[in-house]
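J.: File final14.pdb below, PDB, C-alpha atoms and all ligand atoms:
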```
ATOM      1  CA  MET T   8      23.849  -4.650   2.778  1.00  0.00           C
ATOM      2  CA  GLY T   9      21.707  -1.887   4.279  1.00  0.00           C
ATOM      3  CA  LEU T  10      19.237   0.548   2.806  1.00  0.00           C
ATOM      4  CA  ILE T  11      20.080   4.259   3.017  1.00  0.00           C
ATOM      5  CA  CYS T  12      17.261   6.706   2.241  1.00  0.00           C
ATOM      6  CA  ILE T  13      18.365  10.080   0.942  1.00  0.00           C
ATOM      7  CA  PHE T  14      15.678  12.752   1.212  1.00  0.00           C
ATOM      8  CA  ASN T  15      15.847  16.233  -0.258  1.00  0.00           C
ATOM      9  CA  GLY T  16      13.593  19.153   0.587  1.00  0.00           C
ATOM     10  CA  PRO T  17      12.143  22.138  -1.264  1.00  0.00           C
ATOM     11  CA  ASN T  18      13.859  23.896  -4.142  1.00  0.00           C
ATOM     12  CA  LEU T  19      16.645  21.319  -4.354  1.00  0.00           C
ATOM     13  CA  ASN T  20      15.078  20.238  -7.674  1.00  0.00           C
ATOM     14  CA  LEU T  21      16.425  23.565  -8.984  1.00  0.00           C
ATOM     15  CA  LEU T  22      20.050  22.794  -8.126  1.00  0.00           C
ATOM     16  CA  GLY T  23      22.396  23.850 -10.905  1.00  0.00           C
ATOM     17  CA  THR T  24      20.375  26.895 -11.903  1.00  0.00           C
ATOM     18  CA  ARG T  25      19.284  28.220  -8.505  1.00  0.00           C
ATOM     19  CA  GLU T  26      21.696  30.771  -6.961  1.00  0.00           C
ATOM     20  CA  PRO T  27      24.750  28.925  -8.348  1.00  0.00           C
ATOM     21  CA  GLU T  28      27.082  31.233  -6.418  1.00  0.00           C
ATOM     22  CA  ILE T  29      25.654  29.638  -3.228  1.00  0.00           C
ATOM     23  CA  TYR T  30      24.651  26.127  -4.288  1.00  0.00           C
ATOM     24  CA  GLY T  31      27.034  25.516  -7.198  1.00  0.00           C
ATOM     25  CA  ARG T  32      26.371  24.313 -10.750  1.00  0.00           C
ATOM     26  CA  ASP T  33      25.799  20.628 -10.013  1.00  0.00           C
ATOM     27  CA  THR T  34      22.240  19.417 -10.544  1.00  0.00           C
ATOM     28  CA  LEU T  35      20.131  17.132  -8.349  1.00  0.00           C
ATOM     29  CA  ASP T  36      20.840  14.364 -10.889  1.00  0.00           C
ATOM     30  CA  ASP T  37      24.558  14.916 -10.204  1.00  0.00           C
ATOM     31  CA  VAL T  38      23.865  14.593  -6.460  1.00  0.00           C
ATOM     32  CA  GLU T  39      21.952  11.367  -7.089  1.00  0.00           C
ATOM     33  CA  SER T  40      24.823   9.951  -9.200  1.00  0.00           C
ATOM     34  CA  LEU T  41      27.351  10.854  -6.493  1.00  0.00           C
ATOM     35  CA  CYS T  42      25.184   9.164  -3.835  1.00  0.00           C
ATOM     36  CA  ALA T  43      24.572   6.082  -5.993  1.00  0.00           C
ATOM     37  CA  GLU T  44      28.305   5.670  -6.612  1.00  0.00           C
ATOM     38  CA  LYS T  45      29.136   6.084  -2.913  1.00  0.00           C
ATOM     39  CA  CYS T  46      26.430   3.618  -1.812  1.00  0.00           C
ATOM     40  CA  ARG T  47      27.569   1.118  -4.447  1.00  0.00           C
ATOM     41  CA  GLU T  48      31.184   1.466  -3.243  1.00  0.00           C
ATOM     42  CA  LEU T  49      30.108   0.824   0.356  1.00  0.00           C
ATOM     43  CA  GLY T  50      27.759  -2.020  -0.548  1.00  0.00           C
ATOM     44  CA  HIS T  51      24.504  -0.320   0.392  1.00  0.00           C
ATOM     45  CA  ALA T  52      21.207   0.066  -1.425  1.00  0.00           C
ATOM     46  CA  MET T  53      19.891   3.590  -1.875  1.00  0.00           C
ATOM     47  CA  ARG T  54      16.571   5.322  -2.237  1.00  0.00           C
ATOM     48  CA  PHE T  55      16.909   8.963  -3.421  1.00  0.00           C
ATOM     49  CA  MET T  56      13.934  11.343  -3.339  1.00  0.00           C
ATOM     50  CA  GLN T  57      13.082  15.037  -3.448  1.00  0.00           C
ATOM     51  CA  SER T  58       9.907  16.937  -2.659  1.00  0.00           C
ATOM     52  CA  ASN T  59       8.840  20.527  -2.279  1.00  0.00           C
ATOM     53  CA  SER T  60       6.181  19.405   0.186  1.00  0.00           C
ATOM     54  CA  GLU T  61       6.723  19.062   3.933  1.00  0.00           C
ATOM     55  CA  GLY T  62       4.017  16.378   4.126  1.00  0.00           C
ATOM     56  CA  ASP T  63       5.780  14.187   1.553  1.00  0.00           C
ATOM     57  CA  LEU T  64       9.003  14.363   3.536  1.00  0.00           C
ATOM     58  CA  VAL T  65       7.195  13.464   6.787  1.00  0.00           C
ATOM     59  CA  THR T  66       5.461  10.522   5.058  1.00  0.00           C
ATOM     60  CA  TRP T  67       8.703   9.249   3.515  1.00  0.00           C
ATOM     61  CA  ILE T  68      10.512   9.441   6.875  1.00  0.00           C
ATOM     62  CA  GLN T  69       7.637   7.505   8.474  1.00  0.00           C
ATOM     63  CA  GLU T  70       7.756   4.915   5.688  1.00  0.00           C
ATOM     64  CA  ALA T  71      11.500   4.479   6.266  1.00  0.00           C
ATOM     65  CA  ARG T  72      10.725   3.079   9.750  1.00  0.00           C
ATOM     66  CA  GLY T  73      11.459  -0.607   9.773  1.00  0.00           C
ATOM     67  CA  LYS T  74      12.648  -0.541   6.139  1.00  0.00           C
ATOM     68  CA  ALA T  75      15.667   1.755   5.950  1.00  0.00           C
ATOM     69  CA  ASP T  76      18.800   1.360   8.034  1.00  0.00           C
ATOM     70  CA  ALA T  77      19.780   5.033   7.909  1.00  0.00           C
ATOM     71  CA  ILE T  78      18.656   8.375   6.518  1.00  0.00           C
ATOM     72  CA  VAL T  79      20.620  11.202   4.922  1.00  0.00           C
ATOM     73  CA  ILE T  80      18.454  14.301   4.727  1.00  0.00           C
ATOM     74  CA  ASN T  81      18.781  17.802   3.391  1.00  0.00           C
ATOM     75  CA  PRO T  82      15.511  19.305   4.639  1.00  0.00           C
ATOM     76  CA  ALA T  83      16.471  22.593   2.896  1.00  0.00           C
ATOM     77  CA  ALA T  84      14.272  25.469   4.128  1.00  0.00           C
ATOM     78  CA  TYR T  85      12.223  23.092   6.335  1.00  0.00           C
ATOM     79  CA  THR T  86      15.377  22.685   8.446  1.00  0.00           C
ATOM     80  CA  HIS T  87      14.611  26.065   9.940  1.00  0.00           C
ATOM     81  CA  THR T  88      10.842  25.725  10.316  1.00  0.00           C
ATOM     82  CA  SER T  89       9.642  22.147  10.643  1.00  0.00           C
ATOM     83  CA  ILE T  90       8.827  20.549  13.983  1.00  0.00           C
ATOM     84  CA  ALA T  91       6.898  17.911  11.980  1.00  0.00           C
ATOM     85  CA  ILE T  92      10.062  16.747  10.207  1.00  0.00           C
ATOM     86  CA  ARG T  93      11.944  16.706  13.505  1.00  0.00           C
ATOM     87  CA  ASP T  94       9.192  14.616  15.114  1.00  0.00           C
ATOM     88  CA  ALA T  95       9.212  12.148  12.209  1.00  0.00           C
ATOM     89  CA  LEU T  96      13.005  11.808  12.434  1.00  0.00           C
ATOM     90  CA  SER T  97      12.720  11.287  16.225  1.00  0.00           C
ATOM     91  CA  ALA T  98      10.508   8.292  15.504  1.00  0.00           C
ATOM     92  CA  PHE T  99      13.131   6.759  13.186  1.00  0.00           C
ATOM     93  CA  ALA T 100      15.330   4.337  15.127  1.00  0.00           C
ATOM     94  CA  GLY T 101      18.448   4.339  12.934  1.00  0.00           C
ATOM     95  CA  PRO T 102      21.136   6.974  12.463  1.00  0.00           C
ATOM     96  CA  PHE T 103      20.496  10.021  10.323  1.00  0.00           C
ATOM     97  CA  VAL T 104      22.772  12.751   9.052  1.00  0.00           C
ATOM     98  CA  GLU T 105      21.639  16.294   8.216  1.00  0.00           C
ATOM     99  CA  VAL T 106      23.342  17.776   5.145  1.00  0.00           C
ATOM    100  CA  HIS T 107      23.458  21.298   3.768  1.00  0.00           C
ATOM    101  CA  ILE T 108      25.266  22.198   0.589  1.00  0.00           C
ATOM    102  CA  SER T 109      25.985  25.725   1.788  1.00  0.00           C
ATOM    103  CA  ASN T 110      27.449  26.816   5.110  1.00  0.00           C
ATOM    104  CA  VAL T 111      24.181  27.881   6.702  1.00  0.00           C
ATOM    105  CA  HIS T 112      26.070  29.412   9.645  1.00  0.00           C
ATOM    106  CA  ALA T 113      27.781  31.929   7.381  1.00  0.00           C
ATOM    107  CA  ARG T 114      24.439  33.041   5.913  1.00  0.00           C
ATOM    108  CA  GLU T 115      21.350  34.883   7.179  1.00  0.00           C
ATOM    109  CA  SER T 116      20.629  34.451  10.894  1.00  0.00           C
ATOM    110  CA  PHE T 117      17.306  32.654  10.199  1.00  0.00           C
ATOM    111  CA  ARG T 118      19.366  29.811   8.712  1.00  0.00           C
ATOM    112  CA  HIS T 119      21.456  29.392  11.866  1.00  0.00           C
ATOM    113  CA  HIS T 120      18.775  27.456  13.732  1.00  0.00           C
ATOM    114  CA  SER T 121      17.940  23.892  12.758  1.00  0.00           C
ATOM    115  CA  TYR T 122      15.058  21.934  14.262  1.00  0.00           C
ATOM    116  CA  VAL T 123      16.798  18.670  13.406  1.00  0.00           C
ATOM    117  CA  SER T 124      20.482  19.176  14.340  1.00  0.00           C
ATOM    118  CA  GLY T 125      19.847  18.407  18.005  1.00  0.00           C
ATOM    119  CA  ILE T 126      18.705  14.854  17.237  1.00  0.00           C
ATOM    120  CA  ALA T 127      20.994  14.144  14.248  1.00  0.00           C
ATOM    121  CA  SER T 128      23.934  11.725  14.417  1.00  0.00           C
ATOM    122  CA  ALA T 129      25.979  14.300  12.502  1.00  0.00           C
ATOM    123  CA  VAL T 130      25.549  17.574  10.636  1.00  0.00           C
ATOM    124  CA  ILE T 131      27.475  18.502   7.486  1.00  0.00           C
ATOM    125  CA  ALA T 132      27.319  22.007   6.012  1.00  0.00           C
ATOM    126  CA  GLY T 133      29.331  23.997   3.532  1.00  0.00           C
ATOM    127  CA  CYS T 134      31.060  21.137   1.688  1.00  0.00           C
ATOM    128  CA  GLY T 135      28.990  21.507  -1.476  1.00  0.00           C
ATOM    129  CA  ILE T 136      27.439  18.351  -2.873  1.00  0.00           C
ATOM    130  CA  ALA T 137      30.471  16.378  -1.606  1.00  0.00           C
ATOM    131  CA  GLY T 138      28.728  16.655   1.788  1.00  0.00           C
ATOM    132  CA  TYR T 139      26.272  13.963   0.669  1.00  0.00           C
ATOM    133  CA  GLY T 140      29.185  11.563   0.149  1.00  0.00           C
ATOM    134  CA  TYR T 141      30.553  12.413   3.607  1.00  0.00           C
ATOM    135  CA  ALA T 142      27.101  11.833   5.079  1.00  0.00           C
ATOM    136  CA  ILE T 143      26.877   8.391   3.449  1.00  0.00           C
ATOM    137  CA  ASP T 144      30.377   7.555   4.753  1.00  0.00           C
ATOM    138  CA  THR T 145      29.204   8.590   8.215  1.00  0.00           C
ATOM    139  CA  VAL T 146      26.008   6.525   8.278  1.00  0.00           C
ATOM    140  CA  ALA T 147      27.920   3.531   6.840  1.00  0.00           C
ATOM    141  CA  ARG T 148      30.436   3.833   9.683  1.00  0.00           C
ATOM    142  CA  LEU T 149      27.623   4.123  12.239  1.00  0.00           C
ATOM    143  CA  LEU T 150      25.995   1.034  10.758  1.00  0.00           C
ATOM    144  CA  GLY T 151      29.324  -0.748  11.078  1.00  0.00           C
ATOM    145  CA  HIS T 152      29.496  -1.587   7.393  1.00  0.00           C
ATOM    146  CA  ASP T 153      32.348   0.664   6.270  1.00  0.00           C
TER     147      ASP T 153
HETATM  148  C1  LIG O 201      19.237  24.492   1.150  1.00  0.00           C
HETATM  149  C2  LIG O 201      18.212  25.361   1.198  1.00  0.00           C
HETATM  150  O1  LIG O 201      17.270  25.349   0.259  1.00  0.00           O
HETATM  151  C3  LIG O 201      18.119  26.422   2.220  1.00  0.00           C
HETATM  152  O2  LIG O 201      16.785  26.745   2.538  1.00  0.00           O
HETATM  153  C4  LIG O 201      18.890  26.065   3.477  1.00  0.00           C
HETATM  154  C5  LIG O 201      20.225  24.384   2.247  1.00  0.00           C
HETATM  155  C6  LIG O 201      20.294  25.608   3.125  1.00  0.00           C
HETATM  156  C7  LIG O 201      21.562  23.910   1.720  1.00  0.00           C
HETATM  157  O3  LIG O 201      22.588  24.605   1.892  1.00  0.00           O
HETATM  158  O4  LIG O 201      21.627  22.817   1.154  1.00  0.00           O
HETATM  159  O5  LIG O 201      18.930  27.177   4.329  1.00  0.00           O
END
```
Write the structure described by the file as structure tokens, please.

T.:
Amino acid sequence: MGLICIFNGPNLNLLGTREPEIYGRDTLDDVESLCAEKCRELGHAMRFMQSNSEGDLVTWIQEARGKADAIVINPAAYTHTSIAIRDALSAFAGPFVEVHISNVHARESFRHHSYVSGIASAVIAGCGIAGYGYAIDTVARLLGHD
């Protein structure tokens, strides 16, 4: 059994009520339940967290070093701005998958660039919250435990 950390960035606490035409009606609790079920199915432990603060996300990624086997992260708006989150992920030895609920490439041009895609094992965008399940499948496969 491995430990998969699932980190969520700013405004994802508002899922379900925030721009539902873009992000859907599922809440962050629904995302957590989906992830818990998928991790249970695959025999992995899960840690699921959300913060609106860049520093929290950097600290959690650092704390995952040596403890977690893989990371699934939706850095939300920090995807497009944060070298600090990229640097923290660079220092994490295991696989990580970047997830976006929406298809960022079909949206405003400032969402087309990601600071983390270039070092991610995989990137999933536009699949709705199901993308988290695909991301967990992917890290499980990379860990060789699928
Ligand atoms: C979530 C956000 O909050 C945006 O800032 C990103 C991402 C897209 C998502 O689709 O999950 O641009």

J.: Written as a list in words, which residues does the PyMOL selection byres (((not hetatm)) within 6 of (chain O and resi 201)) give for the file shown?

T.: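 This file gives the following for the PyMOL selection byres (((not hetatm)) within 6 of (chain O and resi 201)): Asn18, Ala83, Ala84, His107, Ile108, Ser109, Val111 and Arg118 of chain T.
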
J.: Give the answer as one residue: which of T:Phe103, T:Phe14, T:Tyr30, T:Phe55 has the shortest atom-to-atom distance to Ser124 in chain T, using only C-alpha atoms?

T.: T:Phe103

J.: Each residue of range 26-71 of chain T with at least one atom at most 8 Å from range 128-148 of chain T should appear once, together with its nearest atom pair and the corresponding distance in Å (one decimal); atoms considered: only C-alpha atoms; ordering: chain, then increasing residue number; output as a Markdown table.

T.:
```
| residue | atom | partner | partner_atom | distance |
| --- | --- | --- | --- | --- |
| T:Tyr30 | CA | T:Gly135 | CA | 6.9 |
| T:Gly31 | CA | T:Gly135 | CA | 7.3 |
| T:Asp33 | CA | T:Ile136 | CA | 7.7 |
| T:Val38 | CA | T:Ile136 | CA | 6.3 |
| T:Leu41 | CA | T:Gly140 | CA | 6.9 |
| T:Cys42 | CA | T:Gly140 | CA | 6.1 |
| T:Lys45 | CA | T:Gly140 | CA | 6.3 |
| T:Cys46 | CA | T:Ile143 | CA | 7.1 |
| T:Leu49 | CA | T:Ala147 | CA | 7.4 |
```

J.: Calculate how many Å separate CA of Asp37 in chain T from CA of Val79 in chain T, rounding to one decimal.

T.: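 We find that CA of Asp37 in chain T and CA of Val79 in chain T lie 16.1 Å from each other.
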
J.: With all atoms listed in the file as the atoms that count, which of T:Glu44, T:Asp76, T:Glu115, T:Asp94 lies nearest to Gly9 in chain T?

T.: T:Asp76

J.: Report, in Å with one decimal, the straight-line distance from CA of Leu21 in chain T to CA of Glu39 in chain T.

T.: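 Computed distance, CA of Leu21 in chain T to CA of Glu39 in chain T, equals 13.5 Å.
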
J.: Determine the nearest neighbour of Ile92 in chain T from the options T:Met53, T:Ile29, T:Ile126, T:Leu149, counting only C-alpha atoms.

T.: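 Using only C-alpha atoms, the shortest distance to Ile92 in chain T belongs to T:Ile126.
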
J.: Write out as a ChimeraX atom specification the residues lying within 8 Å of Arg32 in chain T, counting only C-alpha atoms and excluding same-chain residues fewer than 3 positions away.

T.: /T:22-24,27

J.: Please report the interatomic distance between CA of Ile90 in chain T and CA of Gly73 in chain T in Å with one decimal.

T.: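 Those two atoms sit 21.7 Å apart.
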
J.: Do you know which residues are at most 12 Å from Gly62 in chain T counting only C-alpha atoms, after dropping those on the same chain fewer than 2 positions away, and could you put them as a PyMOL selection string?

T.: chain T and resi 16-17+57-60+64-69+82+85+89-92+95

J.: Emit as JSON the padded axis-aligned box for all listed atoms of range 133-145 of chain T, 5 Å per side, with centre and edge lengths in Å to one decimal.

T.:
```
{"center_x": 28.7, "center_y": 15.8, "center_z": 2.7, "size_x": 14.8, "size_y": 26.4, "size_z": 21.1}
```

J.: With 7 Å as the threshold, what does the neighbourhood of (10.3, 4.2, 14.5) contain in terms of residues, counting only C-alpha atoms? Coordinates are those of the file; answer as a PDB file with C-alpha atoms, keeping the file's coordinate frame.

T.:
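New file out.pdb:
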```pdb
ATOM      1  CA  ARG T  72      10.725   3.079   9.750  1.00  0.00           C
ATOM      2  CA  GLY T  73      11.459  -0.607   9.773  1.00  0.00           C
ATOM      3  CA  ALA T  98      10.508   8.292  15.504  1.00  0.00           C
ATOM      4  CA  PHE T  99      13.131   6.759  13.186  1.00  0.00           C
ATOM      5  CA  ALA T 100      15.330   4.337  15.127  1.00  0.00           C
TER       6      ALA T 100
END
```

J.: Please, could all heavy atoms be added to range 72-83 of chain T and the result written as a JSON list (two decimals), keeping the file's coordinate frame?

T.:
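File result_17.json, as written:
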```json
[["chain", "number", "residue", "atom", "x", "y", "z"],
["T", 72, "ARG", "N", 10.69, 3.85, 8.49],
["T", 72, "ARG", "CA", 10.72, 3.08, 9.75],
["T", 72, "ARG", "C", 10.58, 1.59, 9.44],
["T", 72, "ARG", "O", 9.65, 1.17, 8.78],
["T", 72, "ARG", "CB", 9.57, 3.51, 10.67],
["T", 72, "ARG", "CG", 9.84, 4.81, 11.40],
["T", 72, "ARG", "CD", 8.58, 5.50, 11.82],
["T", 72, "ARG", "NE", 7.62, 4.64, 12.50],
["T", 72, "ARG", "CZ", 7.58, 4.46, 13.82],
["T", 72, "ARG", "NH1", 8.42, 5.07, 14.61],
["T", 72, "ARG", "NH2", 6.67, 3.68, 14.35],
["T", 73, "GLY", "N", 11.54, 0.83, 9.96],
["T", 73, "GLY", "CA", 11.46, -0.61, 9.77],
["T", 73, "GLY", "C", 11.91, -1.08, 8.41],
["T", 73, "GLY", "O", 11.97, -2.28, 8.15],
["T", 74, "LYS", "N", 12.20, -0.15, 7.49],
["T", 74, "LYS", "CA", 12.65, -0.54, 6.14],
["T", 74, "LYS", "C", 14.07, -0.07, 5.90],
["T", 74, "LYS", "O", 14.91, -0.83, 5.42],
["T", 74, "LYS", "CB", 11.74, 0.08, 5.07],
["T", 74, "LYS", "CG", 10.34, -0.47, 5.05],
["T", 74, "LYS", "CD", 9.61, -0.01, 3.78],
["T", 74, "LYS", "CE", 8.12, -0.25, 3.89],
["T", 74, "LYS", "NZ", 7.32, 0.97, 3.84],
["T", 75, "ALA", "N", 14.33, 1.20, 6.20],
["T", 75, "ALA", "CA", 15.67, 1.76, 5.95],
["T", 75, "ALA", "C", 16.54, 1.57, 7.18],
["T", 75, "ALA", "O", 16.05, 1.54, 8.31],
["T", 75, "ALA", "CB", 15.56, 3.23, 5.61],
["T", 76, "ASP", "N", 17.85, 1.47, 6.93],
["T", 76, "ASP", "CA", 18.80, 1.36, 8.03],
["T", 76, "ASP", "C", 19.28, 2.73, 8.49],
["T", 76, "ASP", "O", 19.68, 2.90, 9.64],
["T", 76, "ASP", "CB", 19.99, 0.51, 7.60],
["T", 76, "ASP", "CG", 19.54, -0.92, 7.31],
["T", 76, "ASP", "OD1", 19.31, -1.66, 8.27],
["T", 76, "ASP", "OD2", 19.35, -1.25, 6.13],
["T", 77, "ALA", "N", 19.29, 3.69, 7.58],
["T", 77, "ALA", "CA", 19.78, 5.03, 7.91],
["T", 77, "ALA", "C", 19.16, 6.03, 6.94],
["T", 77, "ALA", "O", 18.72, 5.67, 5.84],
["T", 77, "ALA", "CB", 21.30, 5.07, 7.80],
["T", 78, "ILE", "N", 19.18, 7.29, 7.36],
["T", 78, "ILE", "CA", 18.66, 8.38, 6.52],
["T", 78, "ILE", "C", 19.73, 9.45, 6.39],
["T", 78, "ILE", "O", 20.41, 9.79, 7.37],
["T", 78, "ILE", "CB", 17.37, 8.99, 7.14],
["T", 78, "ILE", "CG1", 16.21, 7.99, 7.09],
["T", 78, "ILE", "CG2", 16.99, 10.29, 6.46],
["T", 78, "ILE", "CD1", 14.93, 8.46, 7.81],
["T", 79, "VAL", "N", 19.87, 9.97, 5.17],
["T", 79, "VAL", "CA", 20.62, 11.20, 4.92],
["T", 79, "VAL", "C", 19.58, 12.20, 4.45],
["T", 79, "VAL", "O", 18.81, 11.90, 3.53],
["T", 79, "VAL", "CB", 21.71, 10.99, 3.85],
["T", 79, "VAL", "CG1", 22.30, 12.31, 3.40],
["T", 79, "VAL", "CG2", 22.79, 10.04, 4.37],
["T", 80, "ILE", "N", 19.51, 13.35, 5.10],
["T", 80, "ILE", "CA", 18.45, 14.30, 4.73],
["T", 80, "ILE", "C", 18.98, 15.72, 4.62],
["T", 80, "ILE", "O", 19.72, 16.18, 5.49],
["T", 80, "ILE", "CB", 17.26, 14.23, 5.73],
["T", 80, "ILE", "CG1", 16.11, 15.15, 5.27],
["T", 80, "ILE", "CG2", 17.70, 14.52, 7.16],
["T", 80, "ILE", "CD1", 14.78, 14.89, 5.96],
["T", 81, "ASN", "N", 18.62, 16.36, 3.51],
["T", 81, "ASN", "CA", 18.78, 17.80, 3.39],
["T", 81, "ASN", "C", 17.36, 18.37, 3.41],
["T", 81, "ASN", "O", 16.69, 18.40, 2.38],
["T", 81, "ASN", "CB", 19.50, 18.18, 2.10],
["T", 81, "ASN", "CG", 19.72, 19.69, 2.01],
["T", 81, "ASN", "OD1", 19.13, 20.45, 2.78],
["T", 81, "ASN", "ND2", 20.56, 20.12, 1.09],
["T", 82, "PRO", "N", 16.90, 18.81, 4.57],
["T", 82, "PRO", "CA", 15.51, 19.30, 4.64],
["T", 82, "PRO", "C", 15.36, 20.68, 4.01],
["T", 82, "PRO", "O", 14.25, 21.23, 3.98],
["T", 82, "PRO", "CB", 15.23, 19.37, 6.15],
["T", 82, "PRO", "CG", 16.38, 18.70, 6.84],
["T", 82, "PRO", "CD", 17.55, 18.81, 5.90],
["T", 83, "ALA", "N", 16.48, 21.27, 3.52],
["T", 83, "ALA", "CA", 16.47, 22.59, 2.90],
["T", 83, "ALA", "C", 15.77, 23.60, 3.82],
["T", 83, "ALA", "O", 16.04, 23.61, 5.02],
["T", 83, "ALA", "CB", 15.87, 22.51, 1.50]]
```
